[in-house]
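For reference, the structure is listed below as structure tokens.
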Amino acid sequence: MAEGAGSLSELEDSFRKFAIHGDTKATGQDMTGKNFAKLCKDCKVIDGKAVTGTDVDIVFTKVKAKAARVITFEEFQQALKELSKKRFKELPEGEAQEAVYALVAGKEPTLVGITKAAKAGAVDRLTDTSKFTGSHKERFDETGRGRGKAGRENLVEHTGFVAAYKGKGTYDQKVKGSK
């Protein structure tokens, strides 16, 4: 019986961890249907054949109080007992219940599908100033450092050429070179 008592405290520990998962205001005393479904999925109580997500929702609705939206630990145990009959049909009721408890005991919510940081390849490509064109190219020097205000404002140069003209001062060479 000592093993059963140990697994019961582990079961309650798992219940509390799943009860507070994703809810900052949760106390861990009761569990929502969404968290119960997550527990069943993460702990492999849902196998897709004998027990499905619909079965879990039906059992949750059956064991909770009429107007309640959550279940307590006692109702949680009753729900697992109901699911154990479906999940382990070949085992006697007591062993089936212990098998489901063993699936759930000591488990924590898994974080699947959490957004990860963007890959550096795309960011590097988009921020490579050597590939900039047009007026954006003028905002950076050859090393890729920004020019600050000089790169953002059109500074008037009274040279007779349009801004950012690269062939400034080459007229005489072209005219004299062609003669």
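All residue names refer to the structure tokens as shown: chains lettered A, B, ... in order, residues numbered from 1 in each chain, ligands numbered from 1 in order.
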Enumerate, as a list in words, the complete set of residues in chain A that a backbone-based DSSP assignment places in strand (DSSP E or B).
-> Asp30, Met31, Thr32, Val70, Ile71, Thr72, Phe140 and Gly146 of chain A
Can you tell me, as JSON, numbers by chain, what residues are no more than 12 Å from range 35-52 of chain A when counting only C-alpha atoms, ignoring any on the same chain fewer than 4 positions away?
-> {"A": [11, 14, 15, 16, 17, 18, 19, 20, 21, 22, 23, 26, 28, 30, 31, 56, 57, 58, 59, 60, 61, 63, 64, 69, 70, 71, 72, 73, 75, 76, 77, 79, 80, 81, 82, 83, 84, 85, 86, 87, 88, 89, 90, 96, 97, 99, 100, 101, 102, 103, 104, 105, 106, 107, 108, 109, 110, 111, 112]}
Got a sec to tell me which of chain A DSSP assigns to helix (DSSP H, G or I), as an MDAnalysis selection string?
-> chainID A and resid 2:20 33:42 53:63 73:87 93:104 120:126 129:131 134:139 149:152 171:178
Leaving out Lys137 in chain A and any residue of its chain fewer than 3 positions from it, which residues lie within 12 Å of it when counting only C-alpha atoms, given as a list in words?
->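 That gives Thr127, Asp128, Thr129, Ser130, Lys131, Phe132, Thr133, Gly134, Phe140, Asp141, Glu142, Thr143, Gly144, Arg145, Gly146, Arg147, Gly151, Arg152 and Ala164 of chain A.
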Could you tell me how far CA of Ala150 in chain A lies from CA of Glu138 in chain A, in Å and to one decimal?
-> 9.0 Å
